[in-house]
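The data block below is model_37.cif; it holds mmCIF, C-alpha atoms; chains and numbers go by the auth columns.
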data_data
loop_
_atom_site.group_PDB
_atom_site.id
_atom_site.type_symbol
_atom_site.label_atom_id
_atom_site.label_comp_id
_atom_site.label_asym_id
_atom_site.label_seq_id
_atom_site.Cartn_x
_atom_site.Cartn_y
_atom_site.Cartn_z
_atom_site.B_iso_or_equiv
_atom_site.auth_seq_id
_atom_site.auth_asym_id
ATOM 1 C CA MET A 1 -49.655 -33.845 18.279 0.00 1 H
ATOM 2 C CA ASN A 2 -49.177 -33.944 22.050 0.00 2 H
ATOM 3 C CA HIS A 3 -45.742 -32.458 22.579 0.00 3 H
ATOM 4 C CA LEU A 4 -45.526 -33.905 26.076 0.00 4 H
ATOM 5 C CA HIS A 5 -45.382 -37.416 24.655 0.00 5 H
ATOM 6 C CA SER A 6 -41.981 -36.759 23.130 0.00 6 H
ATOM 7 C CA ILE A 7 -38.626 -36.582 24.827 0.00 7 H
ATOM 8 C CA LEU A 8 -37.501 -32.996 25.254 0.00 8 H
ATOM 9 C CA VAL A 9 -33.894 -32.191 24.462 0.00 9 H
ATOM 10 C CA ILE A 10 -32.111 -29.883 26.889 0.00 10 H
ATOM 11 C CA LEU A 11 -28.743 -28.452 25.889 0.00 11 H
ATOM 12 C CA PHE A 12 -26.754 -27.660 29.010 0.00 12 H
ATOM 13 C CA TYR A 13 -24.970 -24.844 27.225 0.00 13 H
ATOM 14 C CA GLY A 14 -28.303 -23.203 26.569 0.00 14 H
ATOM 15 C CA PHE A 15 -29.244 -21.035 23.666 0.00 15 H
ATOM 16 C CA LEU A 16 -26.008 -19.263 22.789 0.00 16 H
ATOM 17 C CA THR A 17 -26.204 -15.503 22.600 0.00 17 H
ATOM 18 C CA GLY A 18 -23.939 -15.266 19.597 0.00 18 H
ATOM 19 C CA CYS A 19 -20.738 -16.628 18.140 0.00 19 H
ATOM 20 C CA ASN A 20 -18.594 -13.865 19.643 0.00 20 H
ATOM 21 C CA ASN A 21 -19.729 -14.483 23.212 0.00 21 H
ATOM 22 C CA ASN A 22 -19.327 -18.207 22.716 0.00 22 H
ATOM 23 C CA ARG A 23 -15.783 -17.709 21.438 0.00 23 H
ATOM 24 C CA LEU A 24 -14.934 -15.513 24.419 0.00 24 H
ATOM 25 C CA GLU A 25 -16.460 -17.881 26.932 0.00 25 H
ATOM 26 C CA GLU A 26 -14.310 -20.723 25.669 0.00 26 H
ATOM 27 C CA LYS A 27 -11.270 -18.843 26.982 0.00 27 H
ATOM 28 C CA GLY A 28 -12.492 -18.990 30.578 0.00 28 H
ATOM 29 C CA PHE A 29 -9.823 -17.754 32.985 0.00 29 H
ATOM 30 C CA PRO A 30 -6.357 -18.796 34.204 0.00 30 H
ATOM 31 C CA VAL A 31 -6.142 -20.789 37.414 0.00 31 H
ATOM 32 C CA ASN A 32 -3.140 -18.955 38.844 0.00 32 H
ATOM 33 C CA GLN A 33 -2.035 -15.363 38.908 0.00 33 H
ATOM 34 C CA SER A 34 1.055 -15.929 36.776 0.00 34 H
ATOM 35 C CA GLN A 35 -0.982 -17.166 33.823 0.00 35 H
ATOM 36 C CA SER A 36 -2.385 -14.695 31.322 0.00 36 H
ATOM 37 C CA PHE A 37 -4.335 -14.843 28.110 0.00 37 H
ATOM 38 C CA THR A 38 -2.458 -14.939 24.838 0.00 38 H
ATOM 39 C CA GLN A 39 -4.204 -12.236 22.869 0.00 39 H
ATOM 40 C CA ASN A 40 -4.417 -11.487 19.198 0.00 40 H
ATOM 41 C CA GLU A 41 -5.817 -8.279 17.747 0.00 41 H
ATOM 42 C CA GLU A 42 -9.323 -9.662 17.376 0.00 42 H
ATOM 43 C CA ASP A 43 -9.373 -10.727 21.020 0.00 43 H
ATOM 44 C CA ARG A 44 -8.272 -7.273 22.175 0.00 44 H
ATOM 45 C CA THR A 45 -11.117 -5.584 20.335 0.00 45 H
ATOM 46 C CA GLU A 46 -13.537 -7.838 22.210 0.00 46 H
ATOM 47 C CA GLY A 47 -12.092 -6.636 25.506 0.00 47 H
ATOM 48 C CA ILE A 48 -10.266 -9.610 26.970 0.00 48 H
ATOM 49 C CA SER A 49 -7.690 -8.398 29.480 0.00 49 H
ATOM 50 C CA ASN A 50 -4.818 -10.232 31.141 0.00 50 H
ATOM 51 C CA ASP A 51 -6.837 -11.878 33.878 0.00 51 H
ATOM 52 C CA SER A 52 -6.109 -14.242 36.753 0.00 52 H
ATOM 53 C CA LEU A 53 -8.068 -16.230 39.295 0.00 53 H
ATOM 54 C CA LYS A 54 -8.044 -13.058 41.414 0.00 54 H
ATOM 55 C CA PHE A 55 -10.476 -10.958 39.430 0.00 55 H
ATOM 56 C CA ASP A 56 -13.300 -8.603 40.223 0.00 56 H
ATOM 57 C CA THR A 57 -16.856 -9.901 40.258 0.00 57 H
ATOM 58 C CA ARG A 58 -20.184 -8.117 40.140 0.00 58 H
ATOM 59 C CA PRO A 59 -23.765 -9.227 40.832 0.00 59 H
ATOM 60 C CA SER A 60 -26.223 -9.189 37.957 0.00 60 H
ATOM 61 C CA ASN A 61 -29.763 -9.951 39.092 0.00 61 H
ATOM 62 C CA VAL A 62 -31.747 -11.474 41.935 0.00 62 H
ATOM 63 C CA LEU A 63 -33.571 -14.655 40.924 0.00 63 H
ATOM 64 C CA LEU A 64 -36.949 -15.284 42.516 0.00 64 H
ATOM 65 C CA THR A 65 -37.153 -18.976 43.356 0.00 65 H
ATOM 66 C CA GLY A 66 -40.126 -21.157 44.198 0.00 66 H
ATOM 67 C CA ILE A 67 -38.734 -21.445 47.741 0.00 67 H
ATOM 68 C CA ALA A 68 -40.249 -18.354 49.364 0.00 68 H
ATOM 69 C CA ASN A 69 -37.350 -17.619 51.721 0.00 69 H
ATOM 70 C CA VAL A 70 -34.579 -18.280 49.190 0.00 70 H
ATOM 71 C CA ARG A 71 -33.312 -15.800 46.635 0.00 71 H
ATOM 72 C CA LEU A 72 -30.320 -16.317 44.360 0.00 72 H
ATOM 73 C CA THR A 73 -27.944 -13.736 42.918 0.00 73 H
ATOM 74 C CA THR A 74 -25.950 -14.459 39.781 0.00 74 H
ATOM 75 C CA VAL A 75 -22.319 -13.347 40.099 0.00 75 H
ATOM 76 C CA TYR A 76 -20.316 -12.484 36.981 0.00 76 H
ATOM 77 C CA LYS A 77 -16.662 -11.845 36.244 0.00 77 H
ATOM 78 C CA VAL A 78 -15.900 -8.202 35.475 0.00 78 H
ATOM 79 C CA ASN A 79 -14.402 -7.887 31.995 0.00 79 H
ATOM 80 C CA LEU A 80 -12.281 -5.032 30.710 0.00 80 H
ATOM 81 C CA GLN A 81 -12.674 -3.380 27.324 0.00 81 H
ATOM 82 C CA LYS A 82 -9.091 -2.966 26.121 0.00 82 H
ATOM 83 C CA LYS A 83 -9.848 -0.141 23.711 0.00 83 H
ATOM 84 C CA ASP A 84 -11.374 2.311 26.207 0.00 84 H
ATOM 85 C CA GLY A 85 -10.824 0.813 29.671 0.00 85 H
ATOM 86 C CA SER A 86 -14.537 0.405 30.388 0.00 86 H
ATOM 87 C CA THR A 87 -15.873 -2.685 32.127 0.00 87 H
ATOM 88 C CA PHE A 88 -18.773 -5.007 31.446 0.00 88 H
ATOM 89 C CA ILE A 89 -20.310 -8.207 32.763 0.00 89 H
ATOM 90 C CA GLY A 90 -22.481 -10.895 31.244 0.00 90 H
ATOM 91 C CA SER A 91 -26.230 -10.929 31.647 0.00 91 H
ATOM 92 C CA ASN A 92 -28.697 -13.624 32.585 0.00 92 H
ATOM 93 C CA GLN A 93 -30.116 -15.619 29.689 0.00 93 H
ATOM 94 C CA PHE A 94 -33.018 -17.958 30.394 0.00 94 H
ATOM 95 C CA LEU A 95 -33.817 -21.378 28.993 0.00 95 H
ATOM 96 C CA PHE A 96 -37.378 -21.723 27.807 0.00 96 H
ATOM 97 C CA ASN A 97 -39.658 -23.824 25.634 0.00 97 H
ATOM 98 C CA ASP A 98 -42.571 -23.013 23.359 0.00 98 H
ATOM 99 C CA ILE A 99 -44.812 -25.903 24.410 0.00 99 H
ATOM 100 C CA GLU A 100 -48.376 -24.699 24.638 0.00 100 H
ATOM 101 C CA ALA A 101 -50.156 -25.153 27.938 0.00 101 H
ATOM 102 C CA GLU A 102 -52.734 -27.926 27.815 0.00 102 H
ATOM 103 C CA LYS A 103 -55.107 -29.473 30.281 0.00 103 H
ATOM 104 C CA GLY A 104 -53.163 -30.577 33.335 0.00 104 H
ATOM 105 C CA ASN A 105 -49.823 -29.388 31.931 0.00 105 H
ATOM 106 C CA ASN A 106 -48.771 -25.791 32.296 0.00 106 H
ATOM 107 C CA TRP A 107 -45.020 -25.266 32.417 0.00 107 H
ATOM 108 C CA ASN A 108 -45.223 -21.468 32.036 0.00 108 H
ATOM 109 C CA GLY A 109 -42.542 -21.537 29.358 0.00 109 H
ATOM 110 C CA ASN A 110 -39.988 -23.348 31.522 0.00 110 H
ATOM 111 C CA LEU A 111 -37.824 -25.979 29.889 0.00 111 H
ATOM 112 C CA ILE A 112 -38.642 -28.421 32.683 0.00 112 H
ATOM 113 C CA PRO A 113 -41.797 -28.104 34.817 0.00 113 H
ATOM 114 C CA GLY A 114 -40.896 -26.717 38.211 0.00 114 H
ATOM 115 C CA LEU A 115 -37.391 -25.653 37.173 0.00 115 H
ATOM 116 C CA GLU A 116 -36.178 -22.463 35.547 0.00 116 H
ATOM 117 C CA GLY A 117 -32.823 -22.441 33.776 0.00 117 H
ATOM 118 C CA VAL A 118 -30.329 -19.583 33.533 0.00 118 H
ATOM 119 C CA TYR A 119 -26.899 -19.155 31.965 0.00 119 H
ATOM 120 C CA GLY A 120 -24.619 -16.289 30.957 0.00 120 H
ATOM 121 C CA TYR A 121 -21.182 -15.269 29.703 0.00 121 H
ATOM 122 C CA ASN A 122 -18.570 -15.567 32.481 0.00 122 H
ATOM 123 C CA LEU A 123 -21.068 -16.540 35.170 0.00 123 H
ATOM 124 C CA VAL A 124 -18.626 -17.544 37.910 0.00 124 H
ATOM 125 C CA ASN A 125 -20.718 -18.156 41.030 0.00 125 H
ATOM 126 C CA ILE A 126 -24.182 -18.213 42.568 0.00 126 H
ATOM 127 C CA SER A 127 -24.996 -16.462 45.841 0.00 127 H
ATOM 128 C CA HIS A 128 -27.689 -18.099 47.999 0.00 128 H
ATOM 129 C CA TYR A 129 -29.593 -15.895 50.453 0.00 129 H
ATOM 130 C CA ASP A 130 -31.963 -17.160 53.150 0.00 130 H
ATOM 131 C CA ILE A 131 -34.357 -14.347 54.049 0.00 131 H
ATOM 132 C CA ASN A 132 -35.593 -16.017 57.242 0.00 132 H
ATOM 133 C CA ASN A 133 -32.099 -16.407 58.690 0.00 133 H
ATOM 134 C CA ASN A 134 -30.510 -13.386 57.012 0.00 134 H
ATOM 135 C CA PHE A 135 -27.723 -15.698 55.849 0.00 135 H
ATOM 136 C CA LYS A 136 -25.746 -15.571 52.602 0.00 136 H
ATOM 137 C CA LYS A 137 -23.422 -18.199 51.141 0.00 137 H
ATOM 138 C CA ALA A 138 -21.808 -18.932 47.785 0.00 138 H
ATOM 139 C CA PHE A 139 -22.460 -22.179 45.957 0.00 139 H
ATOM 140 C CA PHE A 140 -18.741 -22.512 45.205 0.00 140 H
ATOM 141 C CA GLU A 141 -15.764 -21.569 47.392 0.00 141 H
ATOM 142 C CA LYS A 142 -13.729 -20.323 44.418 0.00 142 H
ATOM 143 C CA PRO A 143 -14.623 -18.959 40.973 0.00 143 H
ATOM 144 C CA VAL A 144 -15.907 -21.548 38.509 0.00 144 H
ATOM 145 C CA LEU A 145 -17.393 -21.352 35.035 0.00 145 H
ATOM 146 C CA VAL A 146 -21.111 -21.993 35.471 0.00 146 H
ATOM 147 C CA LYS A 147 -22.730 -23.240 32.307 0.00 147 H
ATOM 148 C CA THR A 148 -26.325 -23.773 33.457 0.00 148 H
ATOM 149 C CA LEU A 149 -28.183 -23.281 36.725 0.00 149 H
ATOM 150 C CA TYR A 150 -31.569 -24.911 37.293 0.00 150 H
ATOM 151 C CA TYR A 151 -33.577 -23.559 40.232 0.00 151 H
ATOM 152 C CA PRO A 152 -37.141 -24.004 41.558 0.00 152 H
ATOM 153 C CA SER A 153 -39.529 -22.011 39.393 0.00 153 H
ATOM 154 C CA PHE A 154 -41.337 -19.010 40.800 0.00 154 H
ATOM 155 C CA SER A 155 -44.254 -19.838 38.510 0.00 155 H
ATOM 156 C CA LYS A 156 -46.871 -22.379 39.543 0.00 156 H
ATOM 157 C CA ASP A 157 -46.201 -25.232 37.121 0.00 157 H
ATOM 158 C CA THR A 158 -48.261 -28.377 36.746 0.00 158 H
ATOM 159 C CA LEU A 159 -47.410 -31.787 35.314 0.00 159 H
ATOM 160 C CA ASN A 160 -50.240 -34.211 34.619 0.00 160 H
ATOM 161 C CA SER A 161 -52.587 -31.998 36.671 0.00 161 H
ATOM 162 C CA ILE A 162 -50.293 -32.135 39.716 0.00 162 H
ATOM 163 C CA PRO A 163 -48.489 -29.003 41.011 0.00 163 H
ATOM 164 C CA VAL A 164 -44.721 -29.322 40.649 0.00 164 H
ATOM 165 C CA ASN A 165 -42.690 -28.113 43.619 0.00 165 H
ATOM 166 C CA ARG A 166 -38.917 -28.496 43.571 0.00 166 H
ATOM 167 C CA ALA A 167 -36.686 -27.771 46.558 0.00 167 H
ATOM 168 C CA TYR A 168 -33.199 -28.158 45.112 0.00 168 H
ATOM 169 C CA PHE A 169 -30.782 -26.728 42.568 0.00 169 H
ATOM 170 C CA LEU A 170 -28.890 -28.366 39.692 0.00 170 H
ATOM 171 C CA VAL A 171 -25.686 -26.834 38.349 0.00 171 H
ATOM 172 C CA SER A 172 -23.710 -27.708 35.231 0.00 172 H
ATOM 173 C CA VAL A 173 -20.217 -26.330 35.732 0.00 173 H
ATOM 174 C CA TYR A 174 -16.536 -26.318 34.821 0.00 174 H
ATOM 175 C CA ASN A 175 -14.975 -26.216 38.280 0.00 175 H
ATOM 176 C CA ASP A 176 -11.467 -27.552 37.812 0.00 176 H
ATOM 177 C CA ASP A 177 -8.579 -27.365 35.363 0.00 177 H
ATOM 178 C CA THR A 178 -8.987 -31.036 34.511 0.00 178 H
ATOM 179 C CA ASN A 179 -6.800 -30.994 31.389 0.00 179 H
ATOM 180 C CA LYS A 180 -3.993 -29.123 33.202 0.00 180 H
ATOM 181 C CA ASP A 181 -3.567 -26.399 30.584 0.00 181 H
ATOM 182 C CA GLY A 182 -3.645 -23.612 33.169 0.00 182 H
ATOM 183 C CA PHE A 183 -7.206 -22.499 32.446 0.00 183 H
ATOM 184 C CA ILE A 184 -10.716 -23.283 33.606 0.00 184 H
ATOM 185 C CA ASN A 185 -12.738 -23.237 30.401 0.00 185 H
ATOM 186 C CA GLN A 186 -14.924 -25.309 28.103 0.00 186 H
ATOM 187 C CA LYS A 187 -12.053 -27.653 27.262 0.00 187 H
ATOM 188 C CA ASP A 188 -12.235 -29.096 30.782 0.00 188 H
ATOM 189 C CA LEU A 189 -14.659 -31.745 32.011 0.00 189 H
ATOM 190 C CA ARG A 190 -18.138 -30.371 32.686 0.00 190 H
ATOM 191 C CA ARG A 191 -19.575 -31.624 35.971 0.00 191 H
ATOM 192 C CA PHE A 192 -23.195 -31.750 37.121 0.00 192 H
ATOM 193 C CA TYR A 193 -24.060 -31.217 40.791 0.00 193 H
ATOM 194 C CA LEU A 194 -27.049 -31.304 43.109 0.00 194 H
ATOM 195 C CA PHE A 195 -27.461 -28.625 45.790 0.00 195 H
ATOM 196 C CA ASN A 196 -30.093 -28.752 48.515 0.00 196 H
ATOM 197 C CA SER A 197 -32.499 -25.928 49.380 0.00 197 H
ATOM 198 C CA ASN A 198 -29.868 -24.402 51.688 0.00 198 H
ATOM 199 C CA GLY A 199 -27.388 -24.100 48.826 0.00 199 H
ATOM 200 C CA GLU A 200 -25.192 -26.911 50.105 0.00 200 H
ATOM 201 C CA LYS A 201 -23.547 -29.217 47.581 0.00 201 H
ATOM 202 C CA GLN A 202 -24.855 -32.765 47.964 0.00 202 H
ATOM 203 C CA ASN A 203 -23.256 -34.922 45.311 0.00 203 H
ATOM 204 C CA ALA A 204 -22.310 -35.232 41.666 0.00 204 H
ATOM 205 C CA LEU A 205 -25.265 -36.474 39.633 0.00 205 H
ATOM 206 C CA VAL A 206 -22.811 -37.893 37.094 0.00 206 H
ATOM 207 C CA PRO A 207 -19.390 -39.283 38.134 0.00 207 H
ATOM 208 C CA GLU A 208 -16.700 -36.621 37.944 0.00 208 H
ATOM 209 C CA ASN A 209 -14.613 -38.543 35.397 0.00 209 H
ATOM 210 C CA TYR A 210 -17.318 -37.787 32.813 0.00 210 H
ATOM 211 C CA SER A 211 -18.092 -34.608 30.893 0.00 211 H
ATOM 212 C CA VAL A 212 -21.812 -33.892 30.473 0.00 212 H
ATOM 213 C CA PHE A 213 -22.932 -32.267 27.239 0.00 213 H
ATOM 214 C CA LYS A 214 -26.708 -32.556 26.921 0.00 214 H
ATOM 215 C CA SER A 215 -29.835 -34.003 28.474 0.00 215 H
ATOM 216 C CA GLU A 216 -33.382 -35.030 27.621 0.00 216 H
ATOM 217 C CA TYR A 217 -36.503 -34.661 29.720 0.00 217 H
ATOM 218 C CA ASP A 218 -39.032 -37.483 30.080 0.00 218 H
ATOM 219 C CA PRO A 219 -42.352 -35.952 31.247 0.00 219 H
ATOM 220 C CA ALA A 220 -44.047 -39.344 31.624 0.00 220 H
ATOM 221 C CA ASN A 221 -41.663 -40.271 34.447 0.00 221 H
ATOM 222 C CA ASP A 222 -40.349 -36.825 35.427 0.00 222 H
ATOM 223 C CA PHE A 223 -36.836 -38.031 34.660 0.00 223 H
ATOM 224 C CA MET A 224 -33.843 -36.240 33.216 0.00 224 H
ATOM 225 C CA PHE A 225 -31.550 -38.314 30.985 0.00 225 H
ATOM 226 C CA VAL A 226 -28.020 -36.910 31.050 0.00 226 H
ATOM 227 C CA PHE A 227 -25.584 -37.634 28.211 0.00 227 H
ATOM 228 C CA ALA A 228 -21.916 -37.627 29.184 0.00 228 H
ATOM 229 C CA LYS A 229 -18.572 -38.650 27.728 0.00 229 H
ATOM 230 C CA LEU A 230 -16.330 -40.893 29.787 0.00 230 H
ATOM 231 C CA ASP A 231 -12.796 -39.538 30.112 0.00 231 H
ATOM 232 C CA LYS A 232 -11.450 -42.978 29.219 0.00 232 H
ATOM 233 C CA ASN A 233 -7.922 -41.865 28.406 0.00 233 H
ATOM 234 C CA VAL A 234 -7.785 -39.752 31.601 0.00 234 H
ATOM 235 C CA ASN A 235 -6.545 -36.618 29.829 0.00 235 H
ATOM 236 C CA GLY A 236 -9.077 -34.362 31.532 0.00 236 H
ATOM 237 C CA GLN A 237 -11.110 -33.447 28.484 0.00 237 H
ATOM 238 C CA ALA A 238 -13.895 -34.865 26.344 0.00 238 H
ATOM 239 C CA ASP A 239 -12.534 -36.300 23.094 0.00 239 H
ATOM 240 C CA ASP A 240 -14.654 -37.172 20.065 0.00 240 H
ATOM 241 C CA VAL A 241 -13.757 -40.859 20.158 0.00 241 H
ATOM 242 C CA GLU A 242 -14.612 -41.399 23.811 0.00 242 H
ATOM 243 C CA PRO A 243 -17.725 -43.393 24.743 0.00 243 H
ATOM 244 C CA VAL A 244 -21.035 -41.693 25.516 0.00 244 H
ATOM 245 C CA HIS A 245 -23.027 -42.998 28.480 0.00 245 H
ATOM 246 C CA ILE A 246 -26.516 -41.948 29.582 0.00 246 H
ATOM 247 C CA PHE A 247 -27.475 -41.414 33.210 0.00 247 H
ATOM 248 C CA TRP A 248 -30.941 -40.852 34.653 0.00 248 H
ATOM 249 C CA VAL A 249 -31.959 -38.456 37.405 0.00 249 H
ATOM 250 C CA ASN A 250 -35.315 -38.777 39.140 0.00 250 H
ATOM 251 C CA LEU A 251 -36.420 -35.144 39.393 0.00 251 H
ATOM 252 C CA LYS A 252 -38.999 -36.022 42.046 0.00 252 H
ATOM 253 C CA ASP A 253 -36.040 -37.062 44.203 0.00 253 H
ATOM 254 C CA PRO A 254 -32.704 -36.179 42.520 0.00 254 H
ATOM 255 C CA THR A 255 -30.716 -38.156 45.077 0.00 255 H
ATOM 256 C CA LYS A 256 -31.927 -41.164 43.087 0.00 256 H
ATOM 257 C CA THR A 257 -29.816 -41.634 39.956 0.00 257 H
ATOM 258 C CA GLY A 258 -28.594 -44.470 37.786 0.00 258 H
ATOM 259 C CA LEU A 259 -26.948 -45.557 34.553 0.00 259 H
ATOM 260 C CA GLN A 260 -29.398 -45.972 31.691 0.00 260 H
ATOM 261 C CA TYR A 261 -26.983 -46.820 28.859 0.00 261 H
ATOM 262 C CA GLU A 262 -23.290 -47.644 28.447 0.00 262 H
#
Produce structure tokens that represent the structure in this file.
Amino acid sequence: MNHLHSILVILFYGFLTGCNNNRLEEKGFPVNQSQSFTQNEEDRTEGISNDSLKFDTRPSNVLLTGIANVRLTTVYKVNLQKKDGSTFIGSNQFLFNDIEAEKGNNWNGNLIPGLEGVYGYNLVNISHYDINNNFKKAFFEKPVLVKTLYYPSFSKDTLNSIPVNRAYFLVSVYNDDTNKDGFINQKDLRRFYLFNSNGEKQNALVPENYSVFKSEYDPANDFMFVFAKLDKNVNGQADDVEPVHIFWVNLKDPTKTGLQYE
């Protein structure tokens, strides 16, 4: 069976590293310094401290992108182990597929040809560095909860015998306390943004009153179909009963988007 003839499902939350990390990540962080986590004994053993928006961050790794002069650094929130006072940060986890390379189609294990995907526990920003100009900037002005980052692949991918070269970034992120509970976490609306090769935010690929939760890749058209819940009752979170709409993104030119189903 030719796997490329089927629609590929992409979960924006990635392949979870375990139930404990997932449970911790749901807590996110408070949006003002007066807020603090309500902890029970189980939480304390996992090392959640009383945190605020003013917290320490630490770089994890440098990502080699397919844009020769651009390198990205993943920035993580520093977490405190309550029991011994030691600190730790999350680590980069990569999205991948097991589709075998075939004539004209070699994705080098990437979930989408030409794009690598990374996620991690308490990933709170992305640093963009331009080697040619010796210039560094952050994707986001304040800490956010990054769920998935897609960036141009360092590998030389092909789709239908044509080399795939991307020059943009896609980010799935919780960037605002949309449900007004004092925290930025997975209970808020998840947005999906396009950044250009300079790391500058261009636009939301899905309207910001939606919460994206998964996507599917169409290799025949090089499209991404994005599934999102409309925040119909305007409570700032995705409820089970709210309608699901599907948007398309043309990955050859992600400024071109549209509504596929409502």
List the residues matched by the PyMOL selection byres ((chain H and resi 211) around 6) in the displayed structure as a PyMOL selection string, ordered by chain and then by residue number. chain H and resi 189-190+210+212+228-229
When you draw a straight line from CA of Leu64 in chain H to CA of Thr257 in chain H, how long is it in Å?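 Straight-line distance from CA of Leu64 in chain H to CA of Thr257 in chain H works out to 27.4 Å.
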Picked residues, the PyMOL selection byres ((chain H and resi 155-170) around 10), as a PyMOL selection string: chain H and resi 4+64-67+101-110+112-117+148-154+171-173+192-202+204-205+219-220+222+251-254
One-decimal distance in Å that lies between CA of Thr255 in chain H and CA of Tyr129 in chain H: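 Separation of CA of Tyr129 in chain H and CA of Thr255 in chain H: 22.9 Å.
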Would you please work out which residue, of H:Asn61, H:Asn250, H:Gln237, H:Thr87, is nearest to Ile184 in chain H when using all atoms listed in the file?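 Nearest candidate to Ile184 in chain H out of H:Asn61, H:Asn250, H:Gln237, H:Thr87: H:Gln237.
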So what does the PyMOL selection byres ((chain H and resi 242) around 9) actually pick up in this one, as a list in words?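 That expression, the PyMOL selection byres ((chain H and resi 242) around 9), corresponds here to Lys229, Leu230, Asp231, Lys232, Asn233, Ala238, Asp239, Asp240, Val241, Pro243 and Val244 of chain H.
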Could those residues be written to a file, using C-alpha atoms, as a CSV table (one decimal), in the frame of the given file?
chain,number,residue,atom,x,y,z
H,229,LYS,CA,-18.6,-38.6,27.7
H,230,LEU,CA,-16.3,-40.9,29.8
H,231,ASP,CA,-12.8,-39.5,30.1
H,232,LYS,CA,-11.4,-43.0,29.2
H,233,ASN,CA,-7.9,-41.9,28.4
H,238,ALA,CA,-13.9,-34.9,26.3
H,239,ASP,CA,-12.5,-36.3,23.1
H,240,ASP,CA,-14.7,-37.2,20.1
H,241,VAL,CA,-13.8,-40.9,20.2
H,243,PRO,CA,-17.7,-43.4,24.7
H,244,VAL,CA,-21.0,-41.7,25.5
Quick one: distance from CA of Ile99 in chain H to CA of Phe247 in chain H in Å, one decimal?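 Between CA of Ile99 in chain H and CA of Phe247 in chain H the gap works out to 24.9 Å.
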Need the shell around Ala138 in chain H: protein/DNA/RNA residues with any atom at most 8 Å away, counting all atoms listed in the file. Skip same-chain ones fewer than 2 positions apart. Format as a list in words?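 So the residues in contact are Asn125, Ile126, Ser127, His128, Lys136, Phe140, Glu141 and Gly199 of chain H.
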Would you pick out the contacts of Asn179 in chain H at 6 Å or less, using all atoms listed in the file, so that residues sharing its chain but fewer than 5 positions from it are not included, and give the list as a list in words? Asp188, Asn235, Gly236 and Gln237 of chain H
Looking at H:Ile246, H:Val78, H:Leu63, H:Val70, which one is nearest to Phe94 in chain H, with distances taken over all atoms listed in the file?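 Among H:Ile246, H:Val78, H:Leu63, H:Val70, it is H:Leu63 that comes nearest to Phe94 in chain H.
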Determine the nearest neighbour of Gly120 in chain H from the options H:Met224, H:Leu72, H:Leu145, H:Leu80, counting all atoms listed in the file. H:Leu145
Which of these, H:Phe183, H:Phe213, H:Tyr121, H:Trp248, has the shortest distance to Thr74 in chain H once you count all atoms listed in the file? H:Tyr121
